[in-house]
Each structure stands twice: as C-alpha cells, then as structure tokens.
>>> print(open('input-v6.pdb').read())   # PDB, C-alpha atoms
ATOM      1  CA  MET A   1       0.000   0.000   0.000
ATOM      2  CA  LYS A   2       1.395   3.386  -0.969
ATOM      3  CA  LEU A   3       2.849   5.399   1.892
ATOM      4  CA  GLU A   4       0.650   8.376   1.060
ATOM      5  CA  THR A   5      -2.469   6.170   1.342
ATOM      6  CA  GLN A   6      -1.329   4.887   4.737
ATOM      7  CA  LEU A   7      -0.690   8.434   5.934
ATOM      8  CA  ALA A   8      -4.169   9.494   4.803
ATOM      9  CA  LYS A   9      -5.807   6.555   6.630
ATOM     10  CA  LEU A  10      -3.893   7.326   9.826
ATOM     11  CA  ALA A  11      -4.817  11.011   9.514
ATOM     12  CA  GLU A  12      -8.495   9.984   9.388
ATOM     13  CA  LEU A  13      -7.903   8.454  12.825
ATOM     14  CA  GLY A  14      -6.262  11.631  14.133
ATOM     15  CA  LEU A  15      -2.669  10.458  13.776
ATOM     16  CA  ILE A  16      -0.962  13.107  11.700
ATOM     17  CA  LEU A  17       2.601  14.147  11.068
ATOM     18  CA  ASN A  18       3.805  17.024  13.205
ATOM     19  CA  PRO A  19       3.863  20.284  11.226
ATOM     20  CA  ASP A  20       7.620  20.324  10.564
ATOM     21  CA  ILE A  21       7.794  16.666   9.444
ATOM     22  CA  THR A  22       7.830  15.426   5.850
ATOM     23  CA  ILE A  23       7.671  12.044   4.160
ATOM     24  CA  GLU A  24      11.387  12.457   3.454
ATOM     25  CA  ASP A  25      11.986  12.549   7.220
ATOM     26  CA  ILE A  26      10.246   9.181   7.572
ATOM     27  CA  ILE A  27      11.943   7.448   4.647
ATOM     28  CA  TYR A  28      15.335   8.727   5.773
ATOM     29  CA  ALA A  29      15.270   5.995   8.462
ATOM     30  CA  VAL A  30      12.986   3.373   6.881
ATOM     31  CA  GLU A  31      12.900   2.581   3.190
ATOM     32  CA  ARG A  32       9.670   3.449   1.397
ATOM     33  CA  HIS A  33       9.556  -0.066  -0.025
ATOM     34  CA  ASP A  34       9.584  -1.579   3.497
ATOM     35  CA  LEU A  35       6.872   0.816   4.681
ATOM     36  CA  GLU A  36       4.701  -0.073   1.697
ATOM     37  CA  GLU A  37       5.367  -3.810   1.840
ATOM     38  CA  LYS A  38       4.308  -4.075   5.505
ATOM     39  CA  PRO A  39       1.715  -1.321   5.813
ATOM     40  CA  PHE A  40       0.726   0.507   8.983
ATOM     41  CA  GLU A  41       2.652  -1.371  11.672
ATOM     42  CA  LEU A  42       6.061  -0.176  10.451
ATOM     43  CA  LEU A  43       4.661   3.303   9.806
ATOM     44  CA  LEU A  44       3.121   3.414  13.293
ATOM     45  CA  PHE A  45       6.524   2.400  14.679
ATOM     46  CA  SER A  46       8.077   5.263  12.691
ATOM     47  CA  PHE A  47       5.418   7.675  14.000
ATOM     48  CA  GLY A  48       6.622   6.880  17.523
ATOM     49  CA  ASN A  49      10.215   7.916  16.862
ATOM     50  CA  GLU A  50      12.194  11.077  16.382
ATOM     51  CA  VAL A  51      13.536  12.061  12.974
ATOM     52  CA  GLU A  52      16.958  10.483  12.515
ATOM     53  CA  ARG A  53      18.623  13.492  10.933
ATOM     54  CA  GLU A  54      19.201  17.158  11.657
ATOM     55  CA  PRO A  55      17.692  19.153  13.104
ATOM     56  CA  TRP A  56      17.612  16.639  15.969
ATOM     57  CA  GLY A  57      14.880  16.210  18.567
ATOM     58  CA  ARG A  58      11.887  16.356  16.188
ATOM     59  CA  ARG A  59       9.130  13.865  16.878
ATOM     60  CA  ILE A  60       7.289  12.493  13.872
ATOM     61  CA  CYS A  61       3.862  12.383  15.570
ATOM     62  CA  ASN A  62       3.015  13.558  19.088
ATOM     63  CA  ARG A  63       0.175  11.018  19.430
ATOM     64  CA  VAL A  64       2.460   7.951  19.158
ATOM     65  CA  TRP A  65       5.592   7.029  21.109
ATOM     66  CA  ASN A  66       7.958   4.098  20.691
ATOM     67  CA  PHE A  67       8.724   3.522  24.375
ATOM     68  CA  ASP A  68      11.834   1.450  25.035
ATOM     69  CA  THR A  69      11.103   0.144  28.526
ATOM     70  CA  GLU A  70      14.725  -0.821  29.202
ATOM     71  CA  CYS A  71      15.729   2.791  29.782
ATOM     72  CA  ILE A  72      16.269   3.476  33.487
ATOM     73  CA  VAL A  73      19.841   4.453  34.211
ATOM     74  CA  SER A  74      19.960   7.702  36.162
ATOM     75  CA  THR A  75      17.978  10.495  37.750
ATOM     76  CA  GLY A  76      15.846  12.219  35.135
ATOM     77  CA  ASP A  77      14.817   9.083  33.226
ATOM     78  CA  TYR A  78      11.328   8.904  34.769
ATOM     79  CA  VAL A  79      10.906  12.638  34.219
ATOM     80  CA  LYS A  80      11.477  12.086  30.475
ATOM     81  CA  ILE A  81       9.015   9.185  30.414
ATOM     82  CA  VAL A  82       6.303  11.181  32.184
ATOM     83  CA  GLN A  83       6.849  14.166  29.881
ATOM     84  CA  ASN A  84       6.361  11.856  26.883
ATOM     85  CA  LEU A  85       3.163  10.450  28.395
ATOM     86  CA  CYS A  86       1.831  13.975  28.902
ATOM     87  CA  LEU A  87       2.678  14.861  25.302
ATOM     88  CA  LEU A  88       0.751  11.810  24.061
ATOM     89  CA  THR A  89      -2.390  13.018  25.842
ATOM     90  CA  GLY A  90      -2.189  16.405  24.141
ATOM     91  CA  LEU A  91      -1.673  18.066  27.529
ATOM     92  CA  PRO A  92       2.095  18.520  27.827
ATOM     93  CA  ASP A  93       1.671  20.538  31.042
ATOM     94  CA  ALA A  94      -0.857  18.224  32.733
ATOM     95  CA  LEU A  95       1.785  17.316  35.296
ATOM     96  CA  THR A  96       4.081  19.971  36.720
ATOM     97  CA  ASP A  97       7.122  20.055  38.962
ATOM     98  CA  ILE A  98       8.106  16.561  37.814
ATOM     99  CA  VAL A  99      11.160  15.209  39.631
ATOM    100  CA  ASP A 100      12.639  11.795  40.188
ATOM    101  CA  TYR A 101      15.532  10.218  41.983
ATOM    102  CA  ILE A 102      17.213   7.063  40.738
ATOM    103  CA  ASP A 103      20.065   5.275  42.474
ATOM    104  CA  LEU A 104      20.049   1.721  41.141
ATOM    105  CA  ALA A 105      23.063   0.644  43.208
ATOM    106  CA  ALA A 106      21.445   1.820  46.456
ATOM    107  CA  GLY A 107      18.057   0.434  45.446
ATOM    108  CA  GLU A 108      16.311   3.794  45.781
ATOM    109  CA  CYS A 109      13.962   5.265  43.213
ATOM    110  CA  TRP A 110      10.990   7.625  43.399
ATOM    111  CA  LEU A 111       8.901   9.911  41.211
ATOM    112  CA  GLU A 112       6.986  13.062  42.165
ATOM    113  CA  TYR A 113       4.786  15.512  40.301
ATOM    114  CA  THR A 114       1.841  17.828  40.781
ATOM    115  CA  ILE A 115      -1.482  17.108  39.100
ATOM    116  CA  ARG A 116      -4.549  19.333  39.476
ATOM    117  CA  GLY A 117      -2.883  21.098  42.406
ATOM    118  CA  LYS A 118      -2.112  17.879  44.305
ATOM    119  CA  ARG A 119       1.419  16.612  44.904
ATOM    120  CA  GLN A 120       1.844  12.925  44.052
ATOM    121  CA  HIS A 121       4.742  10.753  45.230
ATOM    122  CA  TRP A 122       5.465   7.226  44.029
ATOM    123  CA  THR A 123       8.089   4.838  45.339
ATOM    124  CA  VAL A 124       9.276   3.122  42.172
ATOM    125  CA  ASP A 125      10.258  -0.556  42.072
ATOM    126  CA  ILE A 126      13.696  -1.251  40.645
ATOM    127  CA  ASN A 127      14.184  -4.097  38.181
ATOM    128  CA  ASP A 128      17.670  -3.520  36.795
ATOM    129  CA  ASP A 129      17.282  -0.903  34.027
ATOM    130  CA  TRP A 130      13.633  -1.709  33.198
ATOM    131  CA  ALA A 131      10.926   0.885  33.751
ATOM    132  CA  ASP A 132       8.410   0.112  36.497
ATOM    133  CA  MET A 133       5.258  -0.323  34.427
ATOM    134  CA  LEU A 134       3.001  -0.585  37.483
ATOM    135  CA  THR A 135       3.986   2.884  38.672
ATOM    136  CA  LEU A 136       3.735   4.224  35.129
ATOM    137  CA  SER A 137       0.249   2.721  34.782
ATOM    138  CA  TYR A 138      -0.811   4.806  37.810
ATOM    139  CA  VAL A 139       0.569   7.922  36.108
ATOM    140  CA  MET A 140      -1.222   7.015  32.860
ATOM    141  CA  GLU A 141      -4.490   6.488  34.719
ATOM    142  CA  GLU A 142      -4.224   9.978  36.224
ATOM    143  CA  LEU A 143      -3.563  11.483  32.790
ATOM    144  CA  GLN A 144      -6.484   9.861  30.966
ATOM    145  CA  HIS A 145      -9.269  12.225  29.892
ATOM    146  CA  ASP A 146     -12.017  12.707  27.298
ATOM    147  CA  GLY A 147     -12.745   8.994  26.866
ATOM    148  CA  CYS A 148      -9.223   8.240  25.646
ATOM    149  CA  GLN A 149      -6.711   5.863  27.139
ATOM    150  CA  PHE A 150      -3.246   4.492  26.511
ATOM    151  CA  TYR A 151      -2.928   1.527  24.142
ATOM    152  CA  ALA A 152       0.160  -0.462  23.252
ATOM    153  CA  LEU A 153       1.501  -2.622  20.461
ATOM    154  CA  ASP A 154       4.201  -4.952  21.733
ATOM    155  CA  ASN A 155       7.562  -4.370  20.083
ATOM    156  CA  GLY A 156       9.875  -6.710  21.977
ATOM    157  CA  GLN A 157      11.579  -4.792  24.768
ATOM    158  CA  ALA A 158       9.671  -1.714  23.647
ATOM    159  CA  MET A 159       6.054  -0.839  23.043
ATOM    160  CA  ILE A 160       4.377   1.510  20.642
ATOM    161  CA  LEU A 161       2.114   3.669  22.807
ATOM    162  CA  VAL A 162      -0.909   5.449  21.353
ATOM    163  CA  TYR A 163      -3.347   7.645  23.278
ATOM    164  CA  CYS A 164      -6.807   7.386  21.720
ATOM    165  CA  THR A 165     -10.399   6.242  22.115
ATOM    166  CA  PRO A 166     -11.275   2.538  22.162
ATOM    167  CA  ALA A 167     -12.903   2.906  18.719
ATOM    168  CA  ILE A 168      -9.729   4.357  17.200
ATOM    169  CA  ALA A 169      -7.607   1.670  18.897
ATOM    170  CA  SER A 170      -9.845  -0.958  17.313
ATOM    171  CA  LYS A 171      -9.480   0.630  13.852
ATOM    172  CA  LEU A 172      -5.701   0.877  14.287
ATOM    173  CA  GLY A 173      -5.635  -2.779  15.275
ATOM    174  CA  ASP A 174      -7.521  -3.657  12.105
ATOM    175  CA  LEU A 175      -5.070  -1.667   9.998
ATOM    176  CA  CYS A 176      -2.038  -3.255  11.697
ATOM    177  CA  ASP A 177      -3.551  -6.748  11.794
ATOM    178  CA  GLU A 178      -2.748  -6.813  15.505
ATOM    179  CA  ASP A 179      -4.821  -5.733  18.481
ATOM    180  CA  LEU A 180      -3.720  -2.730  20.447
ATOM    181  CA  GLU A 181      -3.936  -3.635  24.111
ATOM    182  CA  PRO A 182      -5.043  -1.147  26.759
ATOM    183  CA  VAL A 183      -2.136  -0.424  29.073
ATOM    184  CA  ILE A 184      -4.560  -0.104  31.969
ATOM    185  CA  PRO A 185      -7.165  -2.874  31.685
ATOM    186  CA  ALA A 186     -10.744  -1.704  32.188
TER     187      ALA A 186
END
>>> encode(input="input-v6.pdb", output="structure tokens")
Amino acid sequence: MKLETQLAKLAELGLILNPDITIEDIIYAVERHDLEEKPFELLLFSFGNEVEREPWGRRICNRVWNFDTECIVSTGDYVKIVQNLCLLTGLPDALTDIVDYIDLAAGECWLEYTIRGKRQHWTVDINDDWADMLTLSYVMEELQHDGCQFYALDNGQAMILVYCTPAIASKLGDLCDEDLEPVIPA
C-alpha cells in the first residue's frame, strides 16, 4: 500500500505528522519499499520515533511514542518518560514540577509531580534498568481524559504507545492486523 495512502488513513484516525515533518523525514530511516510492503505497523513504529537526521529532537507524531522500557539508568529518566506520556495526551503541562531520583546501586527510586494542584509521590520498584510499568500505569491512569486511554503494540523490549479512544484503537488494530492492548485494563 502506498505510503501516502497509509498516511491518509492514519490522519483519518487523528494520527498526523507534526507540522515540521515530511515524508522524506520518515523514509530517511525506513525505506519506502519496506513501509509499503508491511503497511501501517512499520509506519506506526516510525510515528513513535524522532527524525533520525538534523535538526535533531523532532518527533514524527506527538500522538504515538515508541517507548523502550529498558531505559532506566539515572535520575531524570522517569521525568522524560512522564513528559512523553503527557505529550501523548495532548496536555504537555498536565503534570508539573516533575522530579525523580534514581540510584540503582542503592536500590532507591521515586517519582513526584503535581497534578490538578495535588502533589503525588510514588516509590518506584527497581528491576535492573527496566521501567516500572506498574507505577507508570498509575501515572497514565491519572492522565487519561475525554474517553481516551493508553494503548500499546508490543515491540519486543519496547512498546508503541498510542493515546486514543477505544474505537480508534480498534481501527488501528484492524489496519495493523494486531490488536492494540489497553495499558490499563478496564
């Protein structure tokens, strides 16, 4: 399926390229042929990444994130994760004053933020360099609004996260030939 057709179908579901992103930015990292041979899943994976050329730090789509869960090394890692979760919801400032502390050797890790004027503190379980998905599911639950929730496509040690309604998740699953699973079961 042509890349342009895939992009149009994803746009119908509200998944659009960020304003400064072009098709050339996508095919810089993944060959057009590969994207067209295995439609949607590879493109959705690409949507969850940053552009792999200058200028650096540009996300392809703010509604999708390719979350590598083996990413906890030092203080600040949970802050980055939470900021990405906020961005997925369309409310990048939903959580404020986000701080974390990570000392893997000492076995100490915590995450704090303010949501709707209330300070939240989580003691985070340490499992080597893997993110604590239970704690992150609590954060995701607090962020959910407007009938949307977080869905995931398994990608090995990573997951493609999408924030959308159940109906859109179902349509995306049909397009990808794989069900998107709610991160927080109903």
>>> resolve_selection(input="input-v6.pdb", expression="the PyMOL selection byres ((chain A and resi 132-143) around 9)", output="ChimeraX atom specification")
/A:69,78,81-82,85-86,89,91,94-95,111,115,122-127,130-131,144-145,149-150,183-184
>>> atom_distance(input="input-v6.pdb", atom1="CA of Pro166 in chain A", atom2="CA of Cys148 in chain A")
7.0 Å
>>> residues_near_point(input="input-v6.pdb", point="(10.9, -5.7, 21.9)", cutoff="12 Å", atoms="only C-alpha atoms", output="JSON, numbers by chain")
{"A": [45, 66, 67, 68, 69, 70, 153, 154, 155, 156, 157, 158, 159, 160]}
>>> atom_distance(input="input-v6.pdb", atom1="CA of Leu43 in chain A", atom2="CA of Gly90 in chain A")
20.6 Å
>>> closest_residue(input="input-v6.pdb", among="A:Glu181, A:Asp128, A:Asp97, A:Asp146", to="Ser74 in chain A", atoms="all atoms listed in the file")
A:Asp128
>>> closest_residue(input="input-v6.pdb", among="A:Asn49, A:Asn84, A:Thr96, A:Ser170", to="Leu17 in chain A", atoms="only C-alpha atoms")
A:Asn49
>>> atom_distance(input="input-v6.pdb", atom1="CA of Tyr163 in chain A", atom2="CA of Pro182 in chain A")
9.6 Å
>>> residues_around(input="input-v6.pdb", residues="Pro19 in chain A", least_positions_apart="2", cutoff="10 Å", atoms="only C-alpha atoms", output="number ranges by chain")
A: 16-17, 21-22, 60-61
>>> closest_residue(input="input-v6.pdb", among="A:Leu88, A:Val73, A:Tyr113, A:Glu36", to="Gln6 in chain A", atoms="only C-alpha atoms")
A:Glu36
>>> closest_residue(input="input-v6.pdb", among="A:Glu12, A:Asp93, A:Asp20, A:Asp103", to="Gly57 in chain A", atoms="all atoms listed in the file")
A:Asp20
>>> closest_residue(input="input-v6.pdb", among="A:Leu35, A:Leu87, A:Ile23, A:Ile72", to="Cys109 in chain A", atoms="all atoms listed in the file")
A:Ile72
>>> residues_around(input="input-v6.pdb", residues="Ala167 in chain A", least_positions_apart="2", cutoff="12 Å", atoms="all atoms listed in the file", output="number ranges by chain")
A: 13-14, 147-149, 151, 163-165, 169-174, 179-180, 182
>>> residues_around(input="input-v6.pdb", residues="Ile26 in chain A", least_positions_apart="4", cutoff="7 Å", atoms="only C-alpha atoms", output="VMD selection string")
chain A and resid 22 30 46 51
>>> write_last_selection(input="input-v6.pdb", atoms="C-alpha atoms", output="mmCIF file, keeping the file's coordinate frame")
data_model
loop_
_atom_site.group_PDB
_atom_site.id
_atom_site.type_symbol
_atom_site.label_atom_id
_atom_site.label_comp_id
_atom_site.auth_asym_id
_atom_site.auth_seq_id
_atom_site.Cartn_x
_atom_site.Cartn_y
_atom_site.Cartn_z
ATOM 1 C CA THR A 22 7.830 15.426 5.850
ATOM 2 C CA VAL A 30 12.986 3.373 6.881
ATOM 3 C CA SER A 46 8.077 5.263 12.691
ATOM 4 C CA VAL A 51 13.536 12.061 12.974
#
>>> build_atoms(input="input-v6.pdb", residues="range 124-135 of chain A", atoms="all heavy atoms", output="PDB file, keeping the file's coordinate frame")
ATOM      1  N   VAL A 124       9.188   3.884  43.416  1.00  0.00           N
ATOM      2  CA  VAL A 124       9.276   3.122  42.172  1.00  0.00           C
ATOM      3  C   VAL A 124      10.086   1.845  42.406  1.00  0.00           C
ATOM      4  O   VAL A 124      11.178   1.893  42.981  1.00  0.00           O
ATOM      5  CB  VAL A 124       9.935   3.987  41.068  1.00  0.00           C
ATOM      6  CG1 VAL A 124      10.071   3.207  39.780  1.00  0.00           C
ATOM      7  CG2 VAL A 124       9.149   5.270  40.854  1.00  0.00           C
ATOM      8  N   ASP A 125       9.535   0.712  41.974  1.00  0.00           N
ATOM      9  CA  ASP A 125      10.258  -0.556  42.072  1.00  0.00           C
ATOM     10  C   ASP A 125      11.417  -0.570  41.077  1.00  0.00           C
ATOM     11  O   ASP A 125      11.282  -0.083  39.950  1.00  0.00           O
ATOM     12  CB  ASP A 125       9.334  -1.737  41.767  1.00  0.00           C
ATOM     13  CG  ASP A 125       8.386  -2.036  42.915  1.00  0.00           C
ATOM     14  OD1 ASP A 125       8.672  -1.619  44.060  1.00  0.00           O
ATOM     15  OD2 ASP A 125       7.361  -2.688  42.667  1.00  0.00           O
ATOM     16  N   ILE A 126      12.509  -1.145  41.498  1.00  0.00           N
ATOM     17  CA  ILE A 126      13.696  -1.251  40.645  1.00  0.00           C
ATOM     18  C   ILE A 126      13.809  -2.681  40.143  1.00  0.00           C
ATOM     19  O   ILE A 126      13.757  -3.635  40.911  1.00  0.00           O
ATOM     20  CB  ILE A 126      14.968  -0.846  41.420  1.00  0.00           C
ATOM     21  CG1 ILE A 126      14.901   0.623  41.803  1.00  0.00           C
ATOM     22  CG2 ILE A 126      16.216  -1.151  40.584  1.00  0.00           C
ATOM     23  CD1 ILE A 126      16.046   1.092  42.680  1.00  0.00           C
ATOM     24  N   ASN A 127      13.955  -2.808  38.830  1.00  0.00           N
ATOM     25  CA  ASN A 127      14.184  -4.097  38.181  1.00  0.00           C
ATOM     26  C   ASN A 127      15.278  -3.879  37.149  1.00  0.00           C
ATOM     27  O   ASN A 127      15.002  -3.712  35.965  1.00  0.00           O
ATOM     28  CB  ASN A 127      12.906  -4.624  37.532  1.00  0.00           C
ATOM     29  CG  ASN A 127      13.104  -5.968  36.864  1.00  0.00           C
ATOM     30  OD1 ASN A 127      14.119  -6.625  37.059  1.00  0.00           O
ATOM     31  ND2 ASN A 127      12.137  -6.367  36.059  1.00  0.00           N
ATOM     32  N   ASP A 128      16.524  -3.812  37.641  1.00  0.00           N
ATOM     33  CA  ASP A 128      17.670  -3.520  36.795  1.00  0.00           C
ATOM     34  C   ASP A 128      17.416  -2.194  36.077  1.00  0.00           C
ATOM     35  O   ASP A 128      17.102  -1.208  36.733  1.00  0.00           O
ATOM     36  CB  ASP A 128      17.929  -4.685  35.843  1.00  0.00           C
ATOM     37  CG  ASP A 128      19.323  -4.659  35.223  1.00  0.00           C
ATOM     38  OD1 ASP A 128      20.243  -4.071  35.834  1.00  0.00           O
ATOM     39  OD2 ASP A 128      19.490  -5.214  34.130  1.00  0.00           O
ATOM     40  N   ASP A 129      17.486  -2.161  34.749  1.00  0.00           N
ATOM     41  CA  ASP A 129      17.282  -0.903  34.027  1.00  0.00           C
ATOM     42  C   ASP A 129      15.918  -0.840  33.336  1.00  0.00           C
ATOM     43  O   ASP A 129      15.707  -0.054  32.431  1.00  0.00           O
ATOM     44  CB  ASP A 129      18.407  -0.643  33.033  1.00  0.00           C
ATOM     45  CG  ASP A 129      18.585  -1.757  32.008  1.00  0.00           C
ATOM     46  OD1 ASP A 129      17.916  -2.806  32.120  1.00  0.00           O
ATOM     47  OD2 ASP A 129      19.402  -1.583  31.087  1.00  0.00           O
ATOM     48  N   TRP A 130      14.974  -1.676  33.775  1.00  0.00           N
ATOM     49  CA  TRP A 130      13.633  -1.709  33.198  1.00  0.00           C
ATOM     50  C   TRP A 130      12.723  -0.738  33.925  1.00  0.00           C
ATOM     51  O   TRP A 130      12.747  -0.642  35.153  1.00  0.00           O
ATOM     52  CB  TRP A 130      13.047  -3.120  33.287  1.00  0.00           C
ATOM     53  CG  TRP A 130      13.796  -4.092  32.434  1.00  0.00           C
ATOM     54  CD1 TRP A 130      14.887  -4.827  32.780  1.00  0.00           C
ATOM     55  CD2 TRP A 130      13.520  -4.403  31.071  1.00  0.00           C
ATOM     56  NE1 TRP A 130      15.306  -5.588  31.721  1.00  0.00           N
ATOM     57  CE2 TRP A 130      14.484  -5.347  30.661  1.00  0.00           C
ATOM     58  CE3 TRP A 130      12.549  -3.988  30.165  1.00  0.00           C
ATOM     59  CZ2 TRP A 130      14.507  -5.879  29.383  1.00  0.00           C
ATOM     60  CZ3 TRP A 130      12.573  -4.525  28.892  1.00  0.00           C
ATOM     61  CH2 TRP A 130      13.542  -5.458  28.511  1.00  0.00           C
ATOM     62  N   ALA A 131      11.891  -0.044  33.171  1.00  0.00           N
ATOM     63  CA  ALA A 131      10.926   0.885  33.751  1.00  0.00           C
ATOM     64  C   ALA A 131       9.891   0.107  34.563  1.00  0.00           C
ATOM     65  O   ALA A 131       9.502  -1.007  34.203  1.00  0.00           O
ATOM     66  CB  ALA A 131      10.233   1.687  32.647  1.00  0.00           C
ATOM     67  N   ASP A 132       9.445   0.695  35.639  1.00  0.00           N
ATOM     68  CA  ASP A 132       8.410   0.112  36.497  1.00  0.00           C
ATOM     69  C   ASP A 132       7.053   0.420  35.878  1.00  0.00           C
ATOM     70  O   ASP A 132       6.507   1.508  36.041  1.00  0.00           O
ATOM     71  CB  ASP A 132       8.518   0.690  37.906  1.00  0.00           C
ATOM     72  CG  ASP A 132       7.452   0.179  38.851  1.00  0.00           C
ATOM     73  OD1 ASP A 132       6.640  -0.682  38.457  1.00  0.00           O
ATOM     74  OD2 ASP A 132       7.418   0.667  39.995  1.00  0.00           O
ATOM     75  N   MET A 133       6.513  -0.545  35.153  1.00  0.00           N
ATOM     76  CA  MET A 133       5.258  -0.323  34.427  1.00  0.00           C
ATOM     77  C   MET A 133       4.059  -0.185  35.358  1.00  0.00           C
ATOM     78  O   MET A 133       3.086   0.469  34.997  1.00  0.00           O
ATOM     79  CB  MET A 133       5.026  -1.428  33.394  1.00  0.00           C
ATOM     80  CG  MET A 133       5.985  -1.367  32.215  1.00  0.00           C
ATOM     81  SD  MET A 133       6.066   0.264  31.406  1.00  0.00           S
ATOM     82  CE  MET A 133       4.384   0.451  30.836  1.00  0.00           C
ATOM     83  N   LEU A 134       4.111  -0.754  36.547  1.00  0.00           N
ATOM     84  CA  LEU A 134       3.001  -0.585  37.483  1.00  0.00           C
ATOM     85  C   LEU A 134       2.886   0.880  37.902  1.00  0.00           C
ATOM     86  O   LEU A 134       1.810   1.475  37.828  1.00  0.00           O
ATOM     87  CB  LEU A 134       3.160  -1.494  38.704  1.00  0.00           C
ATOM     88  CG  LEU A 134       2.035  -1.398  39.737  1.00  0.00           C
ATOM     89  CD1 LEU A 134       0.691  -1.774  39.113  1.00  0.00           C
ATOM     90  CD2 LEU A 134       2.341  -2.293  40.944  1.00  0.00           C
ATOM     91  N   THR A 135       4.006   1.463  38.309  1.00  0.00           N
ATOM     92  CA  THR A 135       3.986   2.884  38.672  1.00  0.00           C
ATOM     93  C   THR A 135       3.568   3.734  37.481  1.00  0.00           C
ATOM     94  O   THR A 135       2.745   4.645  37.614  1.00  0.00           O
ATOM     95  CB  THR A 135       5.366   3.330  39.198  1.00  0.00           C
ATOM     96  OG1 THR A 135       5.669   2.592  40.382  1.00  0.00           O
ATOM     97  CG2 THR A 135       5.385   4.823  39.505  1.00  0.00           C
TER      98      THR A 135
END
